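> This is run-v6.cif (mmCIF, C-alpha atoms).
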data_coords
#
loop_
_atom_site.label_atom_id
_atom_site.label_comp_id
_atom_site.auth_asym_id
_atom_site.auth_seq_id
_atom_site.Cartn_x
_atom_site.Cartn_y
_atom_site.Cartn_z
CA MET N 1 29.47 15.83 -10.90
CA ALA N 2 25.85 16.75 -10.23
CA PRO N 3 23.99 14.30 -8.00
CA SER N 4 21.67 12.03 -9.95
CA PRO N 5 18.14 13.34 -10.48
CA LEU N 6 14.95 12.15 -8.79
CA ARG N 7 13.21 10.15 -11.50
CA PHE N 8 9.52 10.18 -10.64
CA CYS N 9 7.73 7.28 -12.38
CA LEU N 10 4.06 8.08 -12.83
CA ASP N 11 0.85 6.93 -14.40
CA TYR N 12 -2.07 9.36 -14.33
CA LEU N 13 -4.32 6.54 -13.14
CA SER N 14 -2.89 6.70 -9.64
CA PRO N 15 -4.21 9.30 -7.19
CA TYR N 16 -1.33 8.38 -4.86
CA ALA N 17 1.07 9.41 -7.63
CA TYR N 18 -0.86 12.67 -8.06
CA LEU N 19 -0.48 13.51 -4.37
CA ALA N 20 3.19 12.51 -4.32
CA TRP N 21 3.86 14.56 -7.45
CA LEU N 22 2.52 17.74 -5.86
CA ARG N 23 5.17 17.39 -3.13
CA MET N 24 8.09 16.51 -5.40
CA PRO N 25 9.25 19.96 -6.59
CA ALA N 26 9.76 21.13 -2.98
CA ILE N 27 11.56 17.89 -2.05
CA ALA N 28 13.85 18.09 -5.07
CA GLN N 29 14.69 21.72 -4.42
CA LYS N 30 15.30 21.20 -0.69
CA HIS N 31 17.81 18.44 -1.36
CA GLY N 32 19.48 19.98 -4.40
CA ARG N 33 18.36 17.33 -6.87
CA ALA N 34 16.87 17.70 -10.31
CA LEU N 35 13.35 16.33 -10.74
CA GLU N 36 12.45 14.35 -13.83
CA PRO N 37 8.94 13.03 -14.47
CA VAL N 38 8.95 9.61 -16.18
CA PRO N 39 5.67 8.45 -17.73
CA VAL N 40 5.24 4.68 -17.32
CA LEU N 41 2.33 2.31 -17.92
CA LEU N 42 1.06 1.01 -14.58
CA ALA N 43 -0.72 -1.86 -16.38
CA GLY N 44 2.64 -2.86 -17.84
CA LEU N 45 4.26 -2.91 -14.39
CA LEU N 46 1.36 -4.95 -12.96
CA ASN N 47 1.45 -7.41 -15.87
CA SER N 48 5.18 -7.90 -15.58
CA VAL N 49 5.35 -8.54 -11.83
CA GLY N 50 2.03 -10.43 -11.72
CA SER N 51 0.27 -7.93 -9.49
CA ILE N 52 -3.28 -6.63 -9.33
CA GLY N 53 -3.99 -2.91 -9.22
CA PRO N 54 -6.01 -1.50 -6.32
CA ALA N 55 -8.69 -0.28 -8.72
CA GLU N 56 -9.16 -3.84 -9.97
CA ILE N 57 -10.51 -4.97 -6.56
CA PRO N 58 -13.92 -3.40 -5.87
CA ALA N 59 -13.55 -2.96 -2.09
CA LYS N 60 -10.03 -1.63 -2.50
CA ARG N 61 -11.00 0.76 -5.31
CA VAL N 62 -13.39 2.69 -3.09
CA TYR N 63 -10.91 2.56 -0.20
CA VAL N 64 -8.19 4.10 -2.39
CA PHE N 65 -10.51 7.01 -3.13
CA LYS N 66 -11.23 7.45 0.60
CA GLN N 67 -7.57 7.28 1.56
CA THR N 68 -6.34 9.63 -1.14
CA PHE N 69 -9.14 12.09 -0.31
CA ARG N 70 -7.91 12.10 3.29
CA ILE N 71 -4.26 12.51 2.28
CA ALA N 72 -5.24 15.36 -0.06
CA HIS N 73 -7.04 17.05 2.81
CA GLU N 74 -3.89 16.75 4.97
CA GLN N 75 -1.72 18.14 2.17
CA GLY N 76 -4.19 20.92 1.41
CA ALA N 77 -4.34 19.63 -2.18
CA PRO N 78 -7.41 19.94 -4.40
CA PHE N 79 -9.06 16.55 -4.90
CA SER N 80 -11.80 15.35 -7.23
CA LEU N 81 -12.34 12.08 -8.99
CA PRO N 82 -12.07 11.94 -12.78
CA PRO N 83 -15.30 11.03 -14.61
CA SER N 84 -14.27 7.36 -14.83
CA HIS N 85 -11.70 5.09 -13.22
CA PRO N 86 -9.77 3.14 -14.27
CA PHE N 87 -9.53 5.16 -17.48
CA ASN N 88 -7.14 4.70 -20.38
CA PRO N 89 -4.06 6.84 -19.56
CA LEU N 90 -2.07 5.98 -22.68
CA LEU N 91 -2.63 9.16 -24.66
CA SER N 92 -1.76 11.36 -21.67
CA LEU N 93 1.36 9.28 -21.01
CA ARG N 94 2.47 9.54 -24.63
CA VAL N 95 1.86 13.26 -24.77
CA THR N 96 4.03 13.52 -21.66
CA ALA N 97 6.76 11.42 -23.24
CA ALA N 98 6.59 13.66 -26.30
CA VAL N 99 7.99 16.63 -24.35
CA GLU N 100 11.79 16.46 -24.34
CA ASP N 101 12.49 19.46 -22.16
CA VAL N 102 12.34 18.38 -18.52
CA ALA N 103 11.04 21.69 -17.17
CA GLU N 104 8.28 21.77 -19.77
CA ARG N 105 7.45 18.12 -19.14
CA THR N 106 7.22 18.89 -15.43
CA ARG N 107 4.77 21.70 -16.15
CA LEU N 108 2.70 19.45 -18.40
CA VAL N 109 2.53 16.65 -15.82
CA THR N 110 1.25 19.11 -13.24
CA ALA N 111 -1.38 20.40 -15.66
CA LEU N 112 -2.68 16.92 -16.51
CA TYR N 113 -2.65 15.75 -12.88
CA LEU N 114 -4.48 18.84 -11.63
CA ALA N 115 -7.06 18.46 -14.39
CA ALA N 116 -7.75 14.79 -13.59
CA TRP N 117 -7.48 14.61 -9.79
CA GLY N 118 -7.73 18.26 -8.79
CA GLN N 119 -10.62 19.30 -11.04
CA GLY N 120 -12.12 15.88 -11.84
CA ARG N 121 -11.80 16.22 -15.62
CA GLY N 122 -11.22 13.46 -18.14
CA ILE N 123 -7.72 13.21 -19.67
CA GLU N 124 -8.46 10.19 -21.83
CA THR N 125 -9.65 11.35 -25.26
CA PRO N 126 -7.77 13.61 -27.72
CA GLU N 127 -10.36 16.36 -27.12
CA GLN N 128 -9.93 16.22 -23.36
CA VAL N 129 -6.13 16.19 -23.55
CA ASP N 130 -6.16 18.96 -26.15
CA ALA N 131 -8.22 21.17 -23.84
CA VAL N 132 -5.89 20.73 -20.85
CA LEU N 133 -2.76 21.28 -22.93
CA THR N 134 -4.14 24.34 -24.65
CA GLU N 135 -5.20 25.95 -21.37
CA ALA N 136 -1.69 25.34 -20.02
CA GLY N 137 -0.20 27.14 -23.02
CA PHE N 138 1.17 24.15 -24.90
CA ASP N 139 0.90 23.60 -28.65
CA ALA N 140 -1.65 20.84 -28.13
CA ARG N 141 -2.00 19.89 -31.77
CA ALA N 142 1.73 19.44 -32.25
CA LEU N 143 2.04 17.36 -29.08
CA LEU N 144 -0.93 15.14 -29.97
CA GLU N 145 0.72 14.50 -33.30
CA ARG N 146 4.11 13.77 -31.75
CA ALA N 147 2.38 11.38 -29.32
CA GLN N 148 1.69 9.09 -32.29
CA LEU N 149 5.35 8.79 -33.37
CA PRO N 150 6.76 5.28 -32.93
CA GLU N 151 9.75 6.61 -30.97
CA VAL N 152 7.44 8.39 -28.50
CA LYS N 153 5.27 5.30 -28.02
CA ASP N 154 8.48 3.33 -27.55
CA ARG N 155 9.65 5.76 -24.91
CA VAL N 156 6.72 4.93 -22.61
CA ARG N 157 7.46 1.22 -23.07
CA LYS N 158 11.17 1.75 -22.41
CA ASN N 159 10.45 3.88 -19.36
CA THR N 160 8.26 1.08 -18.03
CA ASP N 161 10.94 -1.57 -18.64
CA ASP N 162 13.55 0.66 -17.07
CA ALA N 163 11.39 1.18 -13.95
CA LEU N 164 10.95 -2.60 -13.68
CA ALA N 165 14.70 -3.07 -13.96
CA HIS N 166 15.11 -0.69 -11.02
CA GLY N 167 12.73 -2.74 -8.88
CA ALA N 168 9.51 -0.80 -9.42
CA PHE N 169 6.22 -2.70 -9.26
CA GLY N 170 3.78 0.20 -9.04
CA VAL N 171 3.46 3.98 -8.98
CA PRO N 172 4.50 6.41 -7.73
CA SER N 173 8.07 5.13 -7.71
CA VAL N 174 10.99 7.49 -7.26
CA LEU N 175 14.25 6.18 -8.69
CA VAL N 176 17.41 7.75 -7.30
CA ASP N 177 20.97 6.41 -7.44
CA ASP N 178 20.36 2.65 -6.96
CA GLU N 179 17.32 3.08 -4.76
CA MET N 180 13.59 2.97 -5.43
CA PHE N 181 10.97 4.54 -3.14
CA TRP N 182 7.38 3.48 -3.65
CA GLY N 183 4.26 5.32 -2.58
CA VAL N 184 3.33 8.71 -1.25
CA ASP N 185 3.91 7.33 2.26
CA SER N 186 7.59 6.76 1.40
CA LEU N 187 8.47 10.37 0.66
CA GLY N 188 9.68 10.85 4.23
CA HIS N 189 12.00 7.86 3.76
CA LEU N 190 13.19 9.34 0.48
CA GLU N 191 14.04 12.59 2.24
CA ARG N 192 15.95 10.78 4.95
CA TYR N 193 17.88 8.92 2.24
CA LEU N 194 18.70 12.21 0.49
CA GLU N 195 20.03 13.55 3.80
CA GLY N 196 22.31 10.51 4.13
CA ARG N 197 20.32 9.23 7.10
CA ASP N 198 18.69 6.11 5.64
CA PRO N 199 18.95 3.50 8.42
CA LEU N 200 19.06 0.60 5.96
CA THR N 201 22.33 -1.20 5.27
CA ARG N 202 23.33 -3.34 2.32
CA ALA N 203 23.95 -6.27 4.70
CA ASP N 204 20.30 -6.20 5.86
CA LEU N 205 19.18 -6.26 2.27
CA GLU N 206 21.36 -9.18 1.24
CA ARG N 207 19.99 -11.30 4.09
CA TRP N 208 16.41 -10.44 3.20
CA ARG N 209 16.75 -11.24 -0.46
CA ASP N 210 17.51 -14.87 0.37
CA LEU N 211 14.96 -15.34 3.14
CA PRO N 212 13.18 -18.66 2.54
CA ALA N 213 9.40 -19.07 2.46
CA THR N 214 7.75 -21.84 4.49
CA ALA N 215 4.19 -21.30 3.35
CA SER N 216 2.25 -20.32 0.27
CA ARG N 217 -1.40 -20.27 -0.69
CA ARG N 218 -2.57 -23.65 -1.99
CA PRO N 219 -3.29 -23.87 -5.72
CA GLU N 220 -7.04 -24.04 -4.98
CA GLY N 221 -6.54 -20.93 -2.92
CA LYS N 222 -5.44 -18.87 -5.93
CA PRO N 223 -7.27 -15.59 -6.34
CA ARG N 224 -10.66 -16.05 -7.90
CA PRO N 225 -11.09 -14.53 -11.34
CA MET D 1 -23.48 3.57 25.98
CA ALA D 2 -19.73 2.99 25.64
CA PRO D 3 -18.31 3.95 22.24
CA SER D 4 -17.64 0.92 20.04
CA PRO D 5 -14.17 -0.63 20.39
CA LEU D 6 -11.31 -0.46 17.91
CA ARG D 7 -11.29 -3.92 16.37
CA PHE D 8 -7.74 -4.49 15.09
CA CYS D 9 -7.73 -7.23 12.43
CA LEU D 10 -4.31 -8.84 12.25
CA ASP D 11 -2.33 -11.66 10.73
CA TYR D 12 1.16 -12.23 12.10
CA LEU D 13 2.46 -12.46 8.54
CA SER D 14 2.25 -8.71 8.08
CA PRO D 15 5.07 -6.50 9.41
CA TYR D 16 2.86 -3.49 8.70
CA ALA D 17 0.30 -4.96 11.11
CA TYR D 18 3.09 -5.48 13.68
CA LEU D 19 4.11 -1.83 13.48
CA ALA D 20 0.52 -0.62 13.60
CA TRP D 21 -0.22 -2.90 16.57
CA LEU D 22 2.56 -1.36 18.64
CA ARG D 23 0.88 2.04 18.27
CA MET D 24 -2.68 0.89 18.98
CA PRO D 25 -2.78 0.84 22.79
CA ALA D 26 -1.78 4.51 22.98
CA ILE D 27 -4.27 5.46 20.27
CA ALA D 28 -7.10 3.57 21.96
CA GLN D 29 -6.33 5.12 25.33
CA LYS D 30 -5.99 8.64 23.96
CA HIS D 31 -9.42 8.47 22.35
CA GLY D 32 -11.20 6.57 25.10
CA ARG D 33 -11.87 3.45 23.06
CA ALA D 34 -11.41 -0.18 23.97
CA LEU D 35 -8.92 -2.11 21.84
CA GLU D 36 -9.74 -5.61 20.65
CA PRO D 37 -7.28 -7.70 18.63
CA VAL D 38 -9.03 -9.85 16.00
CA PRO D 39 -6.98 -12.67 14.44
CA VAL D 40 -7.87 -13.11 10.76
CA LEU D 41 -6.34 -15.14 7.95
CA LEU D 42 -4.74 -12.77 5.41
CA ALA D 43 -4.71 -15.57 2.81
CA GLY D 44 -8.49 -15.85 3.28
CA LEU D 45 -8.94 -12.11 2.69
CA LEU D 46 -6.73 -12.21 -0.41
CA ASN D 47 -8.53 -15.26 -1.79
CA SER D 48 -11.94 -13.70 -1.26
CA VAL D 49 -11.24 -10.33 -2.85
CA GLY D 50 -8.98 -11.76 -5.57
CA SER D 51 -5.86 -9.94 -4.45
CA ILE D 52 -2.18 -10.88 -4.31
CA GLY D 53 -0.16 -10.40 -1.16
CA PRO D 54 2.97 -8.23 -1.27
CA ALA D 55 5.11 -11.20 -0.23
CA GLU D 56 3.85 -13.13 -3.28
CA ILE D 57 5.61 -10.72 -5.66
CA PRO D 58 9.41 -11.07 -5.40
CA ALA D 59 10.34 -7.41 -5.97
CA LYS D 60 7.57 -6.27 -3.63
CA ARG D 61 8.51 -8.75 -0.91
CA VAL D 62 11.97 -7.25 -0.46
CA TYR D 63 10.55 -3.75 -0.70
CA VAL D 64 8.08 -4.49 2.10
CA PHE D 65 11.00 -5.49 4.33
CA LYS D 66 12.84 -2.28 3.45
CA GLN D 67 9.82 -0.08 4.05
CA THR D 68 8.83 -1.69 7.34
CA PHE D 69 12.44 -1.54 8.56
CA ARG D 70 12.38 2.20 7.87
CA ILE D 71 9.01 2.70 9.58
CA ALA D 72 10.24 0.69 12.58
CA HIS D 73 13.27 2.96 12.77
CA GLU D 74 10.99 6.03 12.77
CA GLN D 75 8.78 4.51 15.48
CA GLY D 76 11.78 3.39 17.53
CA ALA D 77 10.41 -0.16 17.36
CA PRO D 78 12.62 -3.27 17.40
CA PHE D 79 12.70 -4.92 13.96
CA SER D 80 14.03 -8.25 12.75
CA LEU D 81 12.81 -10.64 10.13
CA PRO D 82 11.43 -14.03 11.15
CA PRO D 83 13.45 -17.04 9.91
CA SER D 84 11.11 -17.51 6.93
CA HIS D 85 8.47 -15.48 5.12
CA PRO D 86 5.73 -16.09 4.19
CA PHE D 87 5.34 -18.57 7.04
CA ASN D 88 2.22 -20.42 8.13
CA PRO D 89 0.51 -18.19 10.72
CA LEU D 90 -2.46 -20.47 11.40
CA LEU D 91 -1.36 -21.92 14.72
CA SER D 92 -0.47 -18.50 16.12
CA LEU D 93 -3.79 -17.10 14.92
CA ARG D 94 -5.73 -19.97 16.51
CA VAL D 95 -3.87 -19.67 19.79
CA THR D 96 -4.81 -15.99 19.75
CA ALA D 97 -8.45 -16.80 19.05
CA ALA D 98 -8.34 -19.28 21.95
CA VAL D 99 -7.95 -16.47 24.49
CA GLU D 100 -11.37 -15.09 25.40
CA ASP D 101 -10.26 -12.33 27.73
CA VAL D 102 -9.50 -9.24 25.65
CA ALA D 103 -6.74 -7.90 27.92
CA GLU D 104 -5.01 -11.28 27.96
CA ARG D 105 -5.43 -11.65 24.20
CA THR D 106 -3.90 -8.21 23.78
CA ARG D 107 -0.90 -9.26 25.85
CA LEU D 108 -0.53 -12.47 23.85
CA VAL D 109 -0.68 -10.65 20.50
CA THR D 110 2.10 -8.34 21.64
CA ALA D 111 4.22 -11.30 22.77
CA LEU D 112 3.85 -13.15 19.46
CA TYR D 113 4.43 -10.02 17.36
CA LEU D 114 7.54 -9.01 19.30
CA ALA D 115 8.91 -12.54 19.00
CA ALA D 116 8.39 -12.70 15.22
CA TRP D 117 9.17 -9.16 14.06
CA GLY D 118 11.03 -7.71 17.04
CA GLN D 119 13.33 -10.64 17.79
CA GLY D 120 13.18 -12.50 14.47
CA ARG D 121 11.96 -15.78 15.95
CA GLY D 122 9.69 -18.36 14.32
CA ILE D 123 6.07 -18.52 15.52
CA GLU D 124 5.00 -21.28 13.18
CA THR D 125 5.51 -24.66 14.89
CA PRO D 126 3.97 -25.84 18.18
CA GLU D 127 7.43 -25.75 19.80
CA GLN D 128 8.07 -22.18 18.71
CA VAL D 129 4.64 -20.97 19.81
CA ASP D 130 4.94 -22.88 23.10
CA ALA D 131 8.24 -21.14 23.87
CA VAL D 132 6.86 -17.63 23.25
CA LEU D 133 3.69 -18.29 25.26
CA THR D 134 5.55 -19.84 28.17
CA GLU D 135 8.00 -16.95 28.39
CA ALA D 136 5.06 -14.53 28.44
CA GLY D 137 3.55 -16.41 31.36
CA PHE D 138 0.71 -18.15 29.55
CA ASP D 139 -0.32 -21.77 30.07
CA ALA D 140 1.06 -22.71 26.68
CA ARG D 141 -0.01 -26.35 26.74
CA ALA D 142 -3.62 -25.51 27.53
CA LEU D 143 -3.75 -22.84 24.82
CA LEU D 144 -2.18 -25.11 22.19
CA GLU D 145 -4.84 -27.69 23.02
CA ARG D 146 -7.65 -25.15 22.88
CA ALA D 147 -6.31 -23.96 19.52
CA GLN D 148 -7.38 -27.32 18.06
CA LEU D 149 -11.02 -27.03 19.13
CA PRO D 150 -13.44 -26.72 16.19
CA GLU D 151 -15.04 -23.61 17.71
CA VAL D 152 -11.66 -21.89 17.99
CA LYS D 153 -10.73 -22.78 14.41
CA ASP D 154 -14.15 -21.53 13.38
CA ARG D 155 -13.55 -18.25 15.18
CA VAL D 156 -10.61 -17.36 12.92
CA ARG D 157 -12.74 -18.14 9.89
CA LYS D 158 -15.67 -16.10 11.21
CA ASN D 159 -13.37 -13.20 12.10
CA THR D 160 -12.08 -13.27 8.53
CA ASP D 161 -15.60 -13.31 7.05
CA ASP D 162 -16.64 -10.52 9.38
CA ALA D 163 -13.64 -8.40 8.35
CA LEU D 164 -14.56 -8.96 4.70
CA ALA D 165 -18.14 -7.93 5.40
CA HIS D 166 -16.79 -4.68 6.85
CA GLY D 167 -14.82 -3.94 3.70
CA ALA D 168 -11.41 -5.28 4.71
CA PHE D 169 -9.14 -6.65 1.98
CA GLY D 170 -5.84 -6.86 3.87
CA VAL D 171 -4.17 -6.26 7.23
CA PRO D 172 -3.86 -4.31 9.38
CA SER D 173 -7.48 -3.21 9.21
CA VAL D 174 -9.06 -1.31 12.08
CA LEU D 175 -12.84 -1.66 12.21
CA VAL D 176 -14.67 1.04 14.16
CA ASP D 177 -18.36 1.98 13.96
CA ASP D 178 -19.06 1.54 10.23
CA GLU D 179 -15.58 2.53 9.14
CA MET D 180 -12.49 0.53 8.15
CA PHE D 181 -8.96 1.94 8.17
CA TRP D 182 -6.31 -0.04 6.32
CA GLY D 183 -2.57 0.13 6.81
CA VAL D 184 -0.13 1.58 9.28
CA ASP D 185 -0.12 4.75 7.18
CA SER D 186 -3.85 5.22 7.95
CA LEU D 187 -3.52 5.48 11.72
CA GLY D 188 -3.39 9.28 11.47
CA HIS D 189 -6.66 9.19 9.53
CA LEU D 190 -8.13 6.88 12.17
CA GLU D 191 -7.19 9.36 14.88
CA ARG D 192 -8.77 12.22 12.98
CA TYR D 193 -11.93 10.13 12.62
CA LEU D 194 -11.96 9.41 16.36
CA GLU D 195 -11.69 13.15 17.00
CA GLY D 196 -14.74 13.78 14.80
CA ARG D 197 -12.58 15.53 12.19
CA ASP D 198 -12.70 13.06 9.30
CA PRO D 199 -13.08 15.23 6.18
CA LEU D 200 -14.95 12.52 4.26
CA THR D 201 -18.70 12.79 3.72
CA ARG D 202 -21.22 10.10 2.91
CA ALA D 203 -22.15 11.98 -0.27
CA ASP D 204 -18.56 11.72 -1.58
CA LEU D 205 -18.62 8.01 -0.91
CA GLU D 206 -21.92 7.38 -2.68
CA ARG D 207 -20.67 9.10 -5.82
CA TRP D 208 -17.41 7.12 -5.79
CA ARG D 209 -19.06 3.77 -5.38
CA ASP D 210 -20.85 4.17 -8.71
CA LEU D 211 -17.97 5.69 -10.67
CA PRO D 212 -17.77 3.90 -14.03
CA ALA D 213 -14.60 2.40 -15.47
CA THR D 214 -13.59 3.15 -19.05
CA ALA D 215 -10.55 0.90 -19.25
CA SER D 216 -9.35 -2.47 -18.01
CA ARG D 217 -6.37 -4.65 -18.76
CA ARG D 218 -6.95 -6.83 -21.80
CA PRO D 219 -7.44 -10.56 -21.20
CA GLU D 220 -3.98 -11.24 -22.65
CA GLY D 221 -2.68 -8.65 -20.26
CA LYS D 222 -3.74 -10.66 -17.20
CA PRO D 223 -1.01 -11.11 -14.62
CA ARG D 224 1.38 -13.85 -15.56
CA PRO D 225 1.33 -16.88 -13.26
#
Show me this structure written as structure tokens.


Amino acid sequence: MAPSPLRFCLDYLSPYAYLAWLRMPAIAQKHGRALEPVPVLLAGLLNSVGSIGPAEIPAKRVYVFKQTFRIAHEQGAPFSLPPSHPFNPLLSLRVTAAVEDVAERTRLVTALYLAAWGQGRGIETPEQVDAVLTEAGFDARALLERAQLPEVKDRVRKNTDDALAHGAFGVPSVLVDDEMFWGVDSLGHLERYLEGRDPLTRADLERWRDLPATASRRPEGKPRP
Amino acid sequence: MAPSPLRFCLDYLSPYAYLAWLRMPAIAQKHGRALEPVPVLLAGLLNSVGSIGPAEIPAKRVYVFKQTFRIAHEQGAPFSLPPSHPFNPLLSLRVTAAVEDVAERTRLVTALYLAAWGQGRGIETPEQVDAVLTEAGFDARALLERAQLPEVKDRVRKNTDDALAHGAFGVPSVLVDDEMFWGVDSLGHLERYLEGRDPLTRADLERWRDLPATASRRPEGKPRP
């Protein structure tokens, strides 16, 4: 039986996911795993777990840009900011979900990511998405049409629910076997896991799950709107 | 003129800050900078910027433990979970702020961190803090008394406000010159900065600060309580 694939959950909003994605094909190949890009809606993850995205906090938004710029420089990856952020990623996610073939979907994800975060182009409107897809040799018109099918829209929702069920709360999240690795800074841990050298044991985990809390922020200390 | 010190903003709640702290003395020495631990209240940072701590999201809480366990393993650092989490860090923070001498404060921070996250002991109650301080050779009773002084309590608050003013939104945050580096995964970027090799330019930053947003979560999409 083939080992289970690396399911890479992504939303184009996240520059961390962009940088992680660029490293994934080499990681998958090195460890003999298939790579499968899974478009999910980050806003859906955040809503469901009650989190706040980094771009929703002004000081953190700028810091994310600084940090991802520095990581891109380390990786030797091209890096530019899209014309707006946060932008609406839904059309790009649906177009991605519209591609059944995994190899083709992988190629499309790379094209959209490089356009947004490598070249700083918009991937929000039908015109912008059409341009990127056409340049990459896809039948853009057919894909933009398929992106409107109820089953394709549903697929993004189901992907998001499935990621949540596997413990994801943000992107990038790599799902593999029963594990979930979050963040570009976890790719080293993912590799160690794939080599059978993850130091974590199930006993550790069980203890941690039940660890009590002895403090919480007071109700009047709740985040300000 | 001596180069400005590395001001390490910490709350004992954060295992990421623990792991970053263990690496700081070597980084400071290597780059000829003084190291100054600055106790801040993470809850105060989160309240002010409108963020949610990782430990406040159940799926993320367990993930944080997994990730920091793995980082500790990489660093060869001892790692255990304290008896509860989140716990109330205020007394430990105030005891830290009560020590004026930077070298002594540094030694005390290491003792409290190793107790909580290295040995898995509580550092929440006066008895627990007394035990750690006494073992480390401090006059625990005098420090616990000083921790109740209004000016010492104020110092933690002022440290927190100062960190916010420098762009911090979480811990660990290292403040140096006009820069702020957040997270144990940013220590490599900090080192590059200290070597004069930070790839980031002021022009990049100015453009990013004014980047417009073209999407936000709908009001009904706000995080569930």

> Under the PyMOL selection byres ((chain N) within 8 of (chain D)), which residues of this model are included? Write them out as a PyMOL selection string.

chain N and resi 43+46-52+57+59-60+62+65-67+69-70+73+81+83-88+167-169+185-186+189+198-200+205+208-209+211-217+221-225

> Just checking: using all atoms listed in the file, which residue out of D:Ala34, D:Ala111, D:Leu149, D:Ala28 ends up closest to Glu191 in chain D?

D:Ala28

> Could you pull the residues within 9 Å of Cys9 in chain D, counting all atoms listed in the file, minus those fewer than 6 positions along the same chain, as a PyMOL selection string?

chain D and resi 17+36-40+159-160+163+168+170-175

> Rounded to one decimal in Å, what is the spacing between CA of Leu22 in chain N and CA of Leu19 in chain D?

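Between CA of Leu22 in chain N and CA of Leu19 in chain D the gap is 27.6 Å.
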
> Between N:Arg94, N:Trp21, N:Leu112, N:Arg33, which residue has the minimum interatomic distance to Ala77 in chain N, considering all atoms listed in the file?

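Closest candidate: N:Trp21.
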
> Name the residues in contact with Asp130 in chain N at a cut-off of 9 Å, using all atoms listed in the file, excluding same-chain residues fewer than 2 positions from it; report them as a short mmCIF file (atom, residue, chain, number, x, y, z; two decimals) with C-alpha atoms, in the frame of the given file.


data_model
loop_
_atom_site.label_atom_id
_atom_site.label_comp_id
_atom_site.auth_asym_id
_atom_site.auth_seq_id
_atom_site.Cartn_x
_atom_site.Cartn_y
_atom_site.Cartn_z
CA ILE N 123 -7.72 13.21 -19.67
CA THR N 125 -9.65 11.35 -25.26
CA PRO N 126 -7.77 13.61 -27.72
CA GLU N 127 -10.36 16.36 -27.12
CA GLN N 128 -9.93 16.22 -23.36
CA VAL N 132 -5.89 20.73 -20.85
CA LEU N 133 -2.76 21.28 -22.93
CA THR N 134 -4.14 24.34 -24.65
CA GLU N 135 -5.20 25.95 -21.37
CA ASP N 139 0.90 23.60 -28.65
CA ALA N 140 -1.65 20.84 -28.13
CA ARG N 141 -2.00 19.89 -31.77
CA LEU N 143 2.04 17.36 -29.08
CA LEU N 144 -0.93 15.14 -29.97
#

> So for range 116-127 of chain N, what box centre and size do we get, axis-aligned, 3 Å extra on each of the six sides, every listed atom, Å to one decimal, as lines of an AutoDock Vina configuration file?


center_x = -9.8
center_y = 14.7
center_z = -18.3
size_x = 10.6
size_y = 15.1
size_z = 24.9

> To one decimal place, how far is CA of Gln29 in chain N from CA of Phe138 in chain N in Å?

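Here the two named atoms are 24.7 Å from each other.
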
> One number please: CA of Thr96 in chain N to CA of Pro78 in chain N, in Å, one decimal.

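Separating CA of Thr96 in chain N from CA of Pro78 in chain N is a distance of 21.7 Å.
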